[in-house]
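Asks: Next comes the structure file upload_30.csv, holding CSV, C-alpha atoms.
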```csv
chain,number,residue,atom,x,y,z
A,566,MET,CA,-45.5,134.9,34.4
A,567,THR,CA,-48.2,136.1,36.8
A,568,PRO,CA,-47.8,135.2,40.5
A,569,ILE,CA,-50.7,132.8,40.4
A,570,ARG,CA,-49.1,130.9,37.5
A,571,LYS,CA,-45.8,130.9,39.2
A,572,ARG,CA,-47.5,129.4,42.2
A,573,ARG,CA,-49.1,126.7,40.1
A,574,LEU,CA,-45.8,125.9,38.4
A,575,GLY,CA,-44.2,125.6,41.9
A,576,LYS,CA,-46.9,123.2,43.0
A,577,ILE,CA,-46.5,121.0,39.9
A,578,PHE,CA,-42.7,121.0,40.5
A,579,LEU,CA,-43.2,120.0,44.1
A,580,LEU,CA,-45.7,117.3,43.1
A,581,VAL,CA,-43.3,115.7,40.6
A,582,CYS,CA,-40.3,116.0,43.0
A,583,GLY,CA,-42.3,114.5,45.8
A,584,VAL,CA,-43.5,111.5,43.8
A,585,SER,CA,-40.0,111.0,42.4
A,586,THR,CA,-38.5,110.9,45.8
A,587,ALA,CA,-41.1,108.6,47.2
A,588,LEU,CA,-40.8,106.2,44.3
A,589,GLY,CA,-37.0,106.5,44.3
A,590,LEU,CA,-36.9,105.5,48.0
A,591,ALA,CA,-39.3,102.6,47.4
A,592,LEU,CA,-37.3,101.3,44.5
A,593,THR,CA,-34.0,101.5,46.3
A,594,ALA,CA,-35.6,99.6,49.2
A,595,LEU,CA,-36.9,97.0,46.7
A,596,GLN,CA,-33.6,96.9,44.8
A,597,GLU,CA,-33.0,93.2,45.5
A,598,ASN,CA,-36.4,92.1,44.4
A,599,ILE,CA,-36.4,94.1,41.2
A,600,ASN,CA,-33.2,92.5,40.0
A,601,LEU,CA,-34.2,89.7,37.7
A,602,PHE,CA,-31.3,87.5,38.6
A,603,PHE,CA,-28.5,86.9,41.0
A,604,THR,CA,-24.9,86.9,39.7
A,605,PRO,CA,-22.6,83.9,40.5
A,606,SER,CA,-20.6,86.1,42.8
A,607,GLN,CA,-23.7,86.8,44.9
A,608,ILE,CA,-24.6,83.1,45.1
A,609,ILE,CA,-21.1,82.1,46.1
A,610,ALA,CA,-21.0,84.8,48.7
A,611,GLY,CA,-24.1,83.2,50.3
A,612,GLU,CA,-26.5,86.1,49.6
A,613,VAL,CA,-29.0,83.6,48.2
A,614,PRO,CA,-31.1,81.2,50.2
A,615,GLU,CA,-31.0,77.5,49.4
A,616,GLY,CA,-34.1,75.5,48.4
A,617,ILE,CA,-36.3,78.3,47.0
A,618,PHE,CA,-36.7,79.3,43.4
A,619,ILE,CA,-34.2,81.9,42.2
A,620,ARG,CA,-32.9,83.1,39.0
A,621,ALA,CA,-29.1,83.1,38.3
A,622,GLY,CA,-27.7,85.0,35.4
A,623,GLY,CA,-24.3,85.2,33.7
A,624,LEU,CA,-22.3,84.1,30.7
A,625,VAL,CA,-22.1,80.4,29.8
A,626,GLU,CA,-18.5,79.5,30.4
A,627,LYS,CA,-16.7,78.4,27.3
A,628,GLY,CA,-16.0,74.7,27.2
A,629,SER,CA,-18.2,74.0,30.2
A,630,LEU,CA,-21.3,72.6,28.4
A,631,VAL,CA,-21.6,68.8,29.0
A,632,ARG,CA,-24.5,66.9,27.3
A,633,THR,CA,-25.6,63.3,27.9
A,634,THR,CA,-26.0,61.1,25.0
A,635,ASP,CA,-29.2,59.2,26.1
A,636,SER,CA,-31.3,62.1,27.6
A,637,LEU,CA,-31.9,65.8,27.5
A,638,GLU,CA,-29.9,66.3,30.7
A,639,LEU,CA,-27.0,68.7,30.5
A,640,GLN,CA,-24.9,70.9,32.6
A,641,PHE,CA,-22.8,74.0,32.2
A,642,SER,CA,-21.4,76.7,34.3
A,643,ILE,CA,-22.2,80.3,34.3
A,644,THR,CA,-19.8,83.0,35.2
A,645,ASP,CA,-19.8,86.8,35.8
A,646,GLY,CA,-16.1,87.0,35.0
A,647,ASP,CA,-15.2,86.6,38.7
A,648,ARG,CA,-16.9,83.5,40.1
A,649,ASN,CA,-18.9,80.7,38.5
A,650,ILE,CA,-21.6,78.2,39.5
A,651,LEU,CA,-22.7,74.9,38.0
A,652,VAL,CA,-26.2,74.7,36.4
A,653,LYS,CA,-27.9,71.4,35.7
A,654,TYR,CA,-30.9,71.3,33.4
A,655,LYS,CA,-33.1,68.8,31.6
A,656,GLY,CA,-34.9,70.1,28.6
A,657,ILE,CA,-34.6,72.0,25.3
A,658,LEU,CA,-32.4,75.0,25.3
A,659,PRO,CA,-33.5,78.3,23.5
A,660,ASP,CA,-32.0,78.8,20.1
A,661,LEU,CA,-29.7,81.6,21.2
A,662,PHE,CA,-28.1,79.4,23.8
A,663,ARG,CA,-24.3,79.3,23.1
A,664,GLU,CA,-21.1,79.2,25.1
A,665,GLY,CA,-20.1,82.7,25.8
A,666,GLN,CA,-23.7,83.9,25.6
A,667,GLY,CA,-25.7,85.4,28.5
A,668,VAL,CA,-28.4,83.2,30.1
A,669,VAL,CA,-30.8,83.4,33.0
A,670,ALA,CA,-31.6,80.1,34.7
A,671,LEU,CA,-34.6,79.7,37.0
A,672,GLY,CA,-34.2,77.0,39.6
A,673,LYS,CA,-33.3,75.9,43.1
A,674,LEU,CA,-29.9,76.0,44.6
A,675,ASN,CA,-28.8,72.8,46.4
A,676,GLN,CA,-26.2,72.6,49.3
A,677,ASP,CA,-23.3,72.3,46.9
A,678,LYS,CA,-24.3,75.6,45.3
A,679,VAL,CA,-25.4,73.8,42.1
A,680,LEU,CA,-28.4,75.3,40.5
A,681,GLN,CA,-31.0,72.7,39.4
A,682,ALA,CA,-32.7,74.7,36.7
A,683,ASP,CA,-36.3,74.3,35.5
A,684,GLN,CA,-36.1,77.0,32.8
A,685,ILE,CA,-33.2,78.5,30.8
A,686,LEU,CA,-33.7,81.9,29.1
A,687,ALA,CA,-31.2,83.3,26.7
A,688,LYS,CA,-30.2,86.9,27.1
A,689,HIS,CA,-29.6,88.9,24.0
A,690,ASP,CA,-27.3,91.9,23.9
A,691,GLU,CA,-28.0,95.1,22.1
A,692,ASN,CA,-25.6,94.4,19.2
A,693,TYR,CA,-26.9,93.4,15.9
A,694,MET,CA,-24.7,92.2,13.0
A,695,PRO,CA,-25.2,90.6,9.6
A,696,PRO,CA,-23.8,87.1,9.4
A,697,GLU,CA,-21.0,88.1,7.0
A,698,ALA,CA,-19.7,90.7,9.5
A,699,ALA,CA,-19.9,88.2,12.4
A,700,HIS,CA,-18.0,85.7,10.2
A,701,ALA,CA,-15.3,88.3,9.3
A,702,LEU,CA,-14.9,89.1,13.0
A,703,LYS,CA,-14.5,85.5,13.9
A,704,GLU,CA,-11.9,85.0,11.2
A,705,ALA,CA,-10.0,88.1,12.4
A,706,SER,CA,-9.9,86.9,16.0
A,707,ALA,CA,-8.9,83.4,14.8
A,708,ALA,CA,-6.0,85.0,12.8
A,709,ASN,CA,-5.1,86.9,15.9
A,710,GLN,CA,-5.0,83.8,18.0
A,711,LEU,CA,-2.7,82.2,15.5
A,712,THR,CA,-0.2,85.0,15.6
A,713,LYS,CA,-0.1,85.4,19.4
A,714,PRO,CA,-1.4,82.2,21.0
A,715,LEU,CA,-0.1,82.9,24.5
A,716,GLU,CA,-2.6,85.7,25.3
A,717,ASP,CA,-5.6,83.5,25.0
A,718,ASN,CA,-4.4,80.8,27.3
A,719,GLY,CA,-5.7,82.4,30.5
A,720,LYS,CA,-9.4,81.9,29.8
B,874,MET,CA,-38.5,137.3,23.1
B,875,ASN,CA,-41.6,137.3,21.0
B,876,TRP,CA,-43.9,134.5,22.0
B,877,VAL,CA,-46.9,135.5,19.9
B,878,TRP,CA,-46.4,132.6,17.5
B,879,LEU,CA,-46.6,130.2,20.4
B,880,HIS,CA,-49.6,131.8,22.0
B,881,LYS,CA,-51.5,131.6,18.7
B,882,TRP,CA,-51.4,127.8,19.0
B,883,GLY,CA,-53.4,128.1,22.1
B,884,SER,CA,-56.4,129.5,20.2
B,885,PRO,CA,-58.7,126.7,18.9
B,886,LYS,CA,-59.5,128.6,15.7
B,887,TRP,CA,-55.9,129.3,14.9
B,888,PHE,CA,-54.9,125.7,15.8
B,889,TYR,CA,-57.6,124.4,13.4
B,890,ALA,CA,-56.4,126.5,10.5
B,891,LEU,CA,-52.6,125.9,11.1
B,892,SER,CA,-53.0,122.2,11.8
B,893,GLY,CA,-55.0,121.8,8.6
B,894,ARG,CA,-52.1,123.3,6.7
B,895,TYR,CA,-49.5,120.9,8.2
B,896,LEU,CA,-51.7,117.8,8.2
B,897,PRO,CA,-51.3,116.7,4.5
B,898,TRP,CA,-47.5,117.1,4.8
B,899,LEU,CA,-47.3,115.0,8.0
B,900,THR,CA,-49.5,112.3,6.5
B,901,ILE,CA,-47.5,112.1,3.2
B,902,THR,CA,-44.1,112.1,5.1
B,903,SER,CA,-45.3,109.4,7.5
B,904,VAL,CA,-46.7,107.2,4.7
B,905,VAL,CA,-43.5,107.5,2.6
B,906,LEU,CA,-41.1,107.0,5.6
B,907,LEU,CA,-43.0,104.0,7.0
B,908,THR,CA,-43.4,102.3,3.6
B,909,VAL,CA,-39.7,102.8,2.7
B,910,GLY,CA,-38.5,101.9,6.2
B,911,ILE,CA,-40.6,98.8,6.7
B,912,VAL,CA,-40.0,97.4,3.2
B,913,TRP,CA,-36.3,98.0,3.5
B,914,GLY,CA,-36.2,96.6,7.0
B,915,LEU,CA,-38.3,93.6,6.4
B,916,PHE,CA,-37.0,92.6,2.9
B,917,PHE,CA,-33.6,94.1,2.2
B,918,ALA,CA,-31.8,94.6,5.5
B,919,PRO,CA,-29.4,91.7,6.2
B,920,PRO,CA,-30.5,89.1,8.9
B,921,ASP,CA,-28.8,89.1,12.2
B,922,TYR,CA,-26.0,86.6,12.8
B,923,GLN,CA,-27.6,85.1,15.8
B,924,GLN,CA,-31.3,85.7,15.6
B,925,GLY,CA,-31.7,85.4,11.9
B,926,ASN,CA,-34.8,87.0,10.6
B,927,SER,CA,-36.7,87.3,13.9
B,928,PHE,CA,-34.6,90.5,14.7
B,929,ARG,CA,-36.7,92.3,12.0
B,930,ILE,CA,-39.4,92.9,14.5
B,931,ILE,CA,-37.1,95.7,15.8
B,932,TYR,CA,-38.4,97.8,12.9
B,933,ILE,CA,-41.9,97.9,14.6
B,934,HIS,CA,-41.0,97.2,18.2
B,935,VAL,CA,-38.4,100.0,18.8
B,936,PRO,CA,-40.4,102.8,17.2
B,937,ALA,CA,-43.5,101.8,19.0
B,938,ALA,CA,-41.7,101.7,22.3
B,939,ILE,CA,-40.0,105.0,21.8
B,940,LEU,CA,-43.3,106.6,20.8
B,941,ALA,CA,-45.1,105.1,23.8
B,942,GLN,CA,-42.7,106.9,26.1
B,943,SER,CA,-42.6,110.1,24.1
B,944,ILE,CA,-46.3,110.4,24.0
B,945,TYR,CA,-46.5,110.0,27.8
B,946,VAL,CA,-44.0,112.8,28.2
B,947,MET,CA,-46.1,114.9,25.9
B,948,LEU,CA,-49.2,114.1,28.1
B,949,ALA,CA,-47.3,115.4,31.1
B,950,VAL,CA,-46.2,118.5,29.3
B,951,ALA,CA,-49.7,119.2,28.1
B,952,GLY,CA,-51.0,118.5,31.6
B,953,ALA,CA,-48.5,121.1,33.1
B,954,VAL,CA,-49.4,123.7,30.5
B,955,GLY,CA,-53.1,123.1,31.1
B,956,LEU,CA,-52.7,123.4,34.8
B,957,ILE,CA,-50.6,126.5,34.7
B,958,TRP,CA,-52.0,128.5,31.9
B,959,LYS,CA,-55.5,127.0,31.8
B,960,ILE,CA,-55.3,126.4,28.1
B,961,LYS,CA,-58.1,124.3,26.8
B,962,LEU,CA,-56.2,123.1,23.8
B,963,ALA,CA,-53.7,121.4,26.2
B,964,ASP,CA,-56.5,119.4,27.6
B,965,ILE,CA,-57.7,118.4,24.1
B,966,ALA,CA,-54.1,117.4,23.2
B,967,LEU,CA,-53.8,115.3,26.4
B,968,ARG,CA,-57.1,113.6,25.9
B,969,GLN,CA,-56.5,112.8,22.2
B,970,ALA,CA,-52.9,111.6,22.5
B,971,ALA,CA,-53.6,109.1,25.3
B,972,PRO,CA,-55.4,106.5,23.1
B,973,ILE,CA,-52.6,106.6,20.5
B,974,GLY,CA,-50.2,106.1,23.4
B,975,VAL,CA,-52.2,103.0,24.5
B,976,TRP,CA,-51.9,101.4,21.1
B,977,MET,CA,-48.2,102.2,20.9
B,978,THR,CA,-47.6,100.5,24.3
B,979,VAL,CA,-49.7,97.5,23.2
B,980,ILE,CA,-47.8,97.2,20.0
B,981,ALA,CA,-44.5,97.4,21.9
B,982,LEU,CA,-45.5,94.8,24.4
B,983,MET,CA,-47.0,92.4,21.8
B,984,THR,CA,-44.1,92.6,19.4
B,985,GLY,CA,-41.7,92.2,22.3
B,986,SER,CA,-43.3,89.1,23.6
B,987,ILE,CA,-43.6,87.6,20.1
B,988,TRP,CA,-39.8,88.2,19.7
B,989,GLY,CA,-39.1,87.0,23.2
B,990,LYS,CA,-40.4,83.5,22.7
B,991,PRO,CA,-37.9,82.5,20.0
B,992,THR,CA,-35.0,84.6,21.4
B,993,TRP,CA,-35.2,84.3,25.1
B,994,GLY,CA,-37.4,81.3,25.4
B,995,ALA,CA,-40.3,83.0,27.1
B,996,TYR,CA,-43.2,85.3,26.1
B,997,TRP,CA,-43.1,87.2,29.3
B,998,VAL,CA,-40.6,87.7,32.1
B,999,TRP,CA,-41.2,90.0,35.1
B,1000,ASP,CA,-38.1,92.0,34.6
B,1001,ALA,CA,-37.8,95.7,35.3
B,1002,ARG,CA,-38.1,96.8,31.7
B,1003,LEU,CA,-41.1,94.7,30.8
B,1004,THR,CA,-42.9,95.4,34.1
B,1005,SER,CA,-42.4,99.2,33.9
B,1006,MET,CA,-43.7,99.1,30.4
B,1007,LEU,CA,-46.8,97.3,31.6
B,1008,ILE,CA,-47.3,100.0,34.2
B,1009,LEU,CA,-47.1,102.6,31.5
B,1010,LEU,CA,-50.0,100.8,29.8
B,1011,PHE,CA,-52.0,100.9,33.0
B,1012,LEU,CA,-51.2,104.6,33.4
B,1013,TYR,CA,-52.5,105.4,30.0
B,1014,LEU,CA,-55.6,103.4,30.6
B,1015,GLY,CA,-56.0,105.3,33.9
B,1016,VAL,CA,-55.7,108.7,32.3
B,1017,ILE,CA,-58.4,107.7,29.7
B,1018,ALA,CA,-60.7,106.2,32.4
B,1019,LEU,CA,-60.3,109.2,34.7
B,1020,GLY,CA,-61.1,111.6,31.8
B,1021,GLN,CA,-64.3,109.7,31.0
B,1022,ALA,CA,-65.4,109.1,34.6
B,1023,ILE,CA,-65.6,112.8,35.5
B,1024,THR,CA,-68.3,114.6,33.7
B,1025,ASN,CA,-67.3,118.2,34.6
B,1026,ARG,CA,-64.9,119.2,32.0
B,1027,ASP,CA,-62.6,121.4,34.1
B,1028,ASN,CA,-62.4,118.9,36.9
B,1029,SER,CA,-61.7,116.1,34.5
B,1030,ALA,CA,-59.0,118.1,32.8
B,1031,ARG,CA,-57.3,118.8,36.1
B,1032,ALA,CA,-57.5,115.2,37.2
B,1033,CYS,CA,-56.0,113.9,34.0
B,1034,ALA,CA,-53.3,116.5,34.1
B,1035,VAL,CA,-52.3,115.5,37.6
B,1036,LEU,CA,-52.3,111.8,36.9
B,1037,SER,CA,-50.2,112.4,33.8
B,1038,LEU,CA,-47.7,114.4,35.8
B,1039,VAL,CA,-47.5,111.8,38.5
B,1040,GLY,CA,-47.1,109.0,36.0
B,1041,VAL,CA,-44.3,110.7,34.2
B,1042,VAL,CA,-42.0,109.5,36.9
B,1043,ASN,CA,-42.3,106.1,35.3
B,1044,ILE,CA,-40.6,107.2,32.1
B,1045,PRO,CA,-37.0,107.5,33.5
B,1046,ILE,CA,-37.6,104.2,35.2
B,1047,ILE,CA,-38.5,102.5,31.9
B,1048,LYS,CA,-35.5,104.2,30.2
B,1049,TYR,CA,-32.9,103.3,32.8
B,1050,SER,CA,-34.4,100.0,34.0
B,1051,VAL,CA,-31.9,98.1,31.9
B,1052,GLU,CA,-29.0,99.9,33.5
B,1053,TRP,CA,-30.1,100.1,37.1
B,1054,TRP,CA,-31.1,96.5,37.5
B,1055,ASN,CA,-30.3,93.1,36.1
B,1056,THR,CA,-32.8,92.5,33.4
B,1057,LEU,CA,-33.4,90.0,30.7
B,1058,HIS,CA,-34.1,92.9,28.3
B,1059,GLN,CA,-31.0,94.1,26.5
B,1060,SER,CA,-30.0,97.8,26.7
B,1061,ALA,CA,-30.9,100.3,24.1
B,1062,SER,CA,-29.9,99.5,20.5
B,1063,PHE,CA,-31.2,102.7,19.1
B,1064,SER,CA,-30.5,106.2,20.3
B,1065,PHE,CA,-30.5,109.6,18.6
B,1066,THR,CA,-27.3,110.6,20.5
B,1067,GLN,CA,-25.1,107.5,20.6
B,1068,LYS,CA,-23.3,105.5,18.0
B,1069,PRO,CA,-25.7,102.8,16.8
B,1070,ALA,CA,-25.1,99.2,18.0
B,1071,MET,CA,-25.6,97.9,14.5
B,1072,PRO,CA,-24.3,98.5,11.0
B,1073,THR,CA,-25.8,101.2,8.8
B,1074,GLN,CA,-27.7,98.9,6.5
B,1075,MET,CA,-29.7,97.7,9.5
B,1076,TRP,CA,-29.8,101.0,11.4
B,1077,PHE,CA,-30.9,103.3,8.7
B,1078,PRO,CA,-34.3,101.7,8.0
B,1079,LEU,CA,-34.9,101.8,11.7
B,1080,LEU,CA,-34.2,105.5,11.7
B,1081,LEU,CA,-36.8,105.9,8.9
B,1082,THR,CA,-39.4,103.9,10.8
B,1083,VAL,CA,-38.8,105.8,14.0
B,1084,ILE,CA,-39.2,109.2,12.3
B,1085,GLY,CA,-42.2,107.7,10.3
B,1086,PHE,CA,-43.9,106.7,13.6
B,1087,TYR,CA,-43.4,110.2,15.0
B,1088,CYS,CA,-45.0,111.8,11.8
B,1089,TYR,CA,-47.8,109.2,12.0
B,1090,PHE,CA,-48.4,110.2,15.6
B,1091,GLY,CA,-48.4,113.9,14.6
B,1092,ALA,CA,-50.9,113.3,11.8
B,1093,MET,CA,-53.2,111.2,14.0
B,1094,LEU,CA,-53.0,113.6,16.9
B,1095,PHE,CA,-53.9,116.6,14.6
B,1096,MET,CA,-56.8,114.7,13.1
B,1097,ARG,CA,-58.2,113.7,16.4
B,1098,MET,CA,-57.7,117.2,18.0
B,1099,ARG,CA,-59.3,118.9,15.0
B,1100,LEU,CA,-62.4,116.9,15.5
B,1101,GLU,CA,-62.6,117.6,19.2
B,1102,VAL,CA,-61.9,121.3,18.6
B,1103,LEU,CA,-64.8,121.4,16.2
B,1104,GLN,CA,-67.0,119.6,18.7
B,1105,ARG,CA,-66.1,121.9,21.6
B,1106,GLU,CA,-66.3,125.1,19.6
B,1107,ASN,CA,-69.7,124.1,18.2
B,1108,GLY,CA,-71.9,127.1,18.2
B,1109,SER,CA,-69.1,129.6,17.5
B,1110,GLN,CA,-69.4,131.2,14.0
B,1111,TRP,CA,-66.2,129.8,12.5
B,1112,SER,CA,-66.9,126.2,13.5
B,1113,THR,CA,-70.4,126.3,12.2
B,1114,THR,CA,-69.1,127.6,8.9
B,1115,GLU,CA,-66.4,124.9,8.8
B,1116,ILE,CA,-68.9,122.1,9.7
B,1117,ASP,CA,-71.2,123.3,6.9
B,1118,ARG,CA,-68.3,123.3,4.5
B,1119,LEU,CA,-67.2,119.8,5.5
B,1120,ILE,CA,-70.8,118.5,5.2
B,1121,GLY,CA,-71.1,120.2,1.8
B,1122,GLU,CA,-67.9,118.6,0.6
B,1123,HIS,CA,-69.2,115.1,1.4
B,1124,LYS,CA,-72.6,115.5,-0.3
```
Please express what this file holds, its structure, as structure tokens.

Replies:
Amino acid sequence: MTPIRKRRLGKIFLLVCGVSTALGLALTALQENINLFFTPSQIIAGEVPEGIFIRAGGLVEKGSLVRTTDSLELQFSITDGDRNILVKYKGILPDLFREGQGVVALGKLNQDKVLQADQILAKHDENYMPPEAAHALKEASAANQLTKPLEDNGK
Amino acid sequence: MNWVWLHKWGSPKWFYALSGRYLPWLTITSVVLLTVGIVWGLFFAPPDYQQGNSFRIIYIHVPAAILAQSIYVMLAVAGAVGLIWKIKLADIALRQAAPIGVWMTVIALMTGSIWGKPTWGAYWVWDARLTSMLILLFLYLGVIALGQAITNRDNSARACAVLSLVGVVNIPIIKYSVEWWNTLHQSASFSFTQKPAMPTQMWFPLLLTVIGFYCYFGAMLFMRMRLEVLQRENGSQWSTTEIDRLIGEHK
């Protein structure tokens, strides 16, 4: 490579490095705002202000979904495996909403750390499976539970 | 190491001859792979256990999104080559790849939001993955607009190359957005290096469409570049002969 080309290469390298550094710093500073949702642990720890719209994300806790018979009101709790918070919602849930599934709820937090949600989004994971395979998996885990029922008691 | 074969690609005349030889193969491969992959994916692959049939949009969405990012990386590489070695063909490649990249980004965004409504419950969410992809679209549009706004060809080539290089920083952000931040978008289902997150009968048609999209891009890029090479070399002997031959063919 001729010296002039080397110099040009150096300049390009500097340009890309400089822009990356600037953007990296900006994104680190904005970390909190880029995260789409707060986790239940963050909410319990008081990192989230009350009374403004926030999004909370986590897995719907198994057995926590309570529907009312005469309206669309319902409540469930979401968990990140560590802490959980209660979500109240009135409306139609997305098709993928299930206990054990990830969801993101948009709403306001009240003083009791209950999220009054206006919108529920279902989060999908990266795994895809044909129905038969999912069925087989479920049966396998059911069989497992029958043989050693003590292990599953914790959760 | 002998770099002659690579240097030859830098000559417009040589490029025109070689690309003409590869073009039919690329076209045939892409048509075959896309037909087989799409028919297989849309009609024969099993439905997903949760999403049912709506997951099938993956066979368009994922290849388009991968291509959108790959093409931008190509833009940046072409930009760097153009800036360092002052190769005109690099500028032609950059200029002709950008519109294809725009369409790939648009397809990825559109199919994603069509899928998002039934799956997530919203067409659009301002999460890091979706937003960075939208920025990619604006970067592409910026490169095209910049290229057309500056009339001096050398200046315009330099400006486009610099913008491509600056914008390439967005690519790792798109790629790792789902890992760095909490996003609604799931992490990658398809990767050339990792074990796929789905069974073979779902994954293989996806592999076909991804390779098919790459071949389609190659064929499109060659076609567009050949046209611009002919236009730019207009006046040189070989291009005049070639243009006469092409006109004669169509008479």

Asks: Would you give me, as JSON lines, each residue of chain B having an atom within 6 Å of an atom of chain A, along with its shortest atom pair and that distance in Å to one decimal, using only C-alpha atoms and sorting by chain and residue number?

Replies:
```
{"residue": "B:Pro919", "atom": "CA", "partner": "A:Pro695", "partner_atom": "CA", "distance": 5.5}
{"residue": "B:Pro920", "atom": "CA", "partner": "A:Pro695", "partner_atom": "CA", "distance": 5.6}
{"residue": "B:Asp921", "atom": "CA", "partner": "A:Pro695", "partner_atom": "CA", "distance": 4.7}
{"residue": "B:Tyr922", "atom": "CA", "partner": "A:Pro696", "partner_atom": "CA", "distance": 4.1}
{"residue": "B:Ile957", "atom": "CA", "partner": "A:Arg570", "partner_atom": "CA", "distance": 5.4}
{"residue": "B:Trp993", "atom": "CA", "partner": "A:Ala687", "partner_atom": "CA", "distance": 4.4}
{"residue": "B:Gly994", "atom": "CA", "partner": "A:Leu686", "partner_atom": "CA", "distance": 5.3}
{"residue": "B:Asp1000", "atom": "CA", "partner": "A:Leu601", "partner_atom": "CA", "distance": 5.5}
{"residue": "B:Trp1054", "atom": "CA", "partner": "A:Asn600", "partner_atom": "CA", "distance": 5.2}
{"residue": "B:Asn1055", "atom": "CA", "partner": "A:Asn600", "partner_atom": "CA", "distance": 4.9}
{"residue": "B:Thr1056", "atom": "CA", "partner": "A:Leu601", "partner_atom": "CA", "distance": 5.3}
{"residue": "B:Leu1057", "atom": "CA", "partner": "A:Lys688", "partner_atom": "CA", "distance": 5.7}
{"residue": "B:Gln1059", "atom": "CA", "partner": "A:Asp690", "partner_atom": "CA", "distance": 5.0}
{"residue": "B:Ser1060", "atom": "CA", "partner": "A:Glu691", "partner_atom": "CA", "distance": 5.7}
{"residue": "B:Ser1062", "atom": "CA", "partner": "A:Glu691", "partner_atom": "CA", "distance": 5.1}
{"residue": "B:Ala1070", "atom": "CA", "partner": "A:Asn692", "partner_atom": "CA", "distance": 5.0}
{"residue": "B:Met1071", "atom": "CA", "partner": "A:Tyr693", "partner_atom": "CA", "distance": 4.9}
```

Asks: Can you pull out the residues contacting range 914-917 of chain B? Cut-off 10 Å, using all atoms listed in the file, and skip same-chain residues under 4 positions away; I want them as a JSON list (two decimals) with C-alpha atoms, keeping the file's coordinate frame.

Replies:
```
[["chain", "number", "residue", "atom", "x", "y", "z"],
["B", 908, "THR", "CA", -43.40, 102.30, 3.60],
["B", 909, "VAL", "CA", -39.70, 102.80, 2.70],
["B", 910, "GLY", "CA", -38.50, 101.90, 6.20],
["B", 926, "ASN", "CA", -34.80, 87.00, 10.60],
["B", 927, "SER", "CA", -36.70, 87.30, 13.90],
["B", 928, "PHE", "CA", -34.60, 90.50, 14.70],
["B", 929, "ARG", "CA", -36.70, 92.30, 12.00],
["B", 930, "ILE", "CA", -39.40, 92.90, 14.50],
["B", 931, "ILE", "CA", -37.10, 95.70, 15.80],
["B", 932, "TYR", "CA", -38.40, 97.80, 12.90],
["B", 933, "ILE", "CA", -41.90, 97.90, 14.60],
["B", 1074, "GLN", "CA", -27.70, 98.90, 6.50],
["B", 1075, "MET", "CA", -29.70, 97.70, 9.50],
["B", 1076, "TRP", "CA", -29.80, 101.00, 11.40],
["B", 1077, "PHE", "CA", -30.90, 103.30, 8.70],
["B", 1078, "PRO", "CA", -34.30, 101.70, 8.00],
["B", 1079, "LEU", "CA", -34.90, 101.80, 11.70],
["B", 1081, "LEU", "CA", -36.80, 105.90, 8.90],
["B", 1082, "THR", "CA", -39.40, 103.90, 10.80]]
```

Asks: If we count all atoms listed in the file, what is near range 963-974 of chain B at a cut-off of 7 Å, once residues fewer than 4 positions away on the same chain are taken out, given as a list in words?

Replies: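 With the cut-off at 7 Å, the set is Ala941, Ile944, Tyr945, Leu948, Ala951, Gly952, Val954, Gly955, Thr978, Tyr1013, Ile1017, Ala1030, Leu1094, Arg1097, Met1098 and Glu1101 of chain B.
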
Asks: Find the residues around range 635-639 of chain A up to 9 Å (only C-alpha atoms counted), leave out those fewer than 3 positions away in its own chain, and share them as number ranges by chain.

Replies: A: 630-632, 652-657

Asks: Do you have the CA of Gln1110 in chain B-CA of His880 in chain B distance handy?

Replies: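 Rounded to one decimal, the two atoms are 21.4 Å apart.
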
Asks: Using all atoms listed in the file, list the residues that have an atom at most 12 Å from (-63.2, 114.8, 33.8), coordinates as in the file, as an mmCIF file with C-alpha atoms, keeping the file's coordinate frame.

Replies:
```cif
data_model
loop_
_atom_site.group_PDB
_atom_site.id
_atom_site.type_symbol
_atom_site.label_atom_id
_atom_site.label_comp_id
_atom_site.auth_asym_id
_atom_site.auth_seq_id
_atom_site.Cartn_x
_atom_site.Cartn_y
_atom_site.Cartn_z
ATOM 1 C CA ASP B 964 -56.500 119.400 27.600
ATOM 2 C CA ILE B 965 -57.700 118.400 24.100
ATOM 3 C CA LEU B 967 -53.800 115.300 26.400
ATOM 4 C CA ARG B 968 -57.100 113.600 25.900
ATOM 5 C CA GLY B 1015 -56.000 105.300 33.900
ATOM 6 C CA VAL B 1016 -55.700 108.700 32.300
ATOM 7 C CA ILE B 1017 -58.400 107.700 29.700
ATOM 8 C CA ALA B 1018 -60.700 106.200 32.400
ATOM 9 C CA LEU B 1019 -60.300 109.200 34.700
ATOM 10 C CA GLY B 1020 -61.100 111.600 31.800
ATOM 11 C CA GLN B 1021 -64.300 109.700 31.000
ATOM 12 C CA ALA B 1022 -65.400 109.100 34.600
ATOM 13 C CA ILE B 1023 -65.600 112.800 35.500
ATOM 14 C CA THR B 1024 -68.300 114.600 33.700
ATOM 15 C CA ASN B 1025 -67.300 118.200 34.600
ATOM 16 C CA ARG B 1026 -64.900 119.200 32.000
ATOM 17 C CA ASP B 1027 -62.600 121.400 34.100
ATOM 18 C CA ASN B 1028 -62.400 118.900 36.900
ATOM 19 C CA SER B 1029 -61.700 116.100 34.500
ATOM 20 C CA ALA B 1030 -59.000 118.100 32.800
ATOM 21 C CA ARG B 1031 -57.300 118.800 36.100
ATOM 22 C CA ALA B 1032 -57.500 115.200 37.200
ATOM 23 C CA CYS B 1033 -56.000 113.900 34.000
ATOM 24 C CA ALA B 1034 -53.300 116.500 34.100
ATOM 25 C CA VAL B 1035 -52.300 115.500 37.600
ATOM 26 C CA LEU B 1036 -52.300 111.800 36.900
#
```
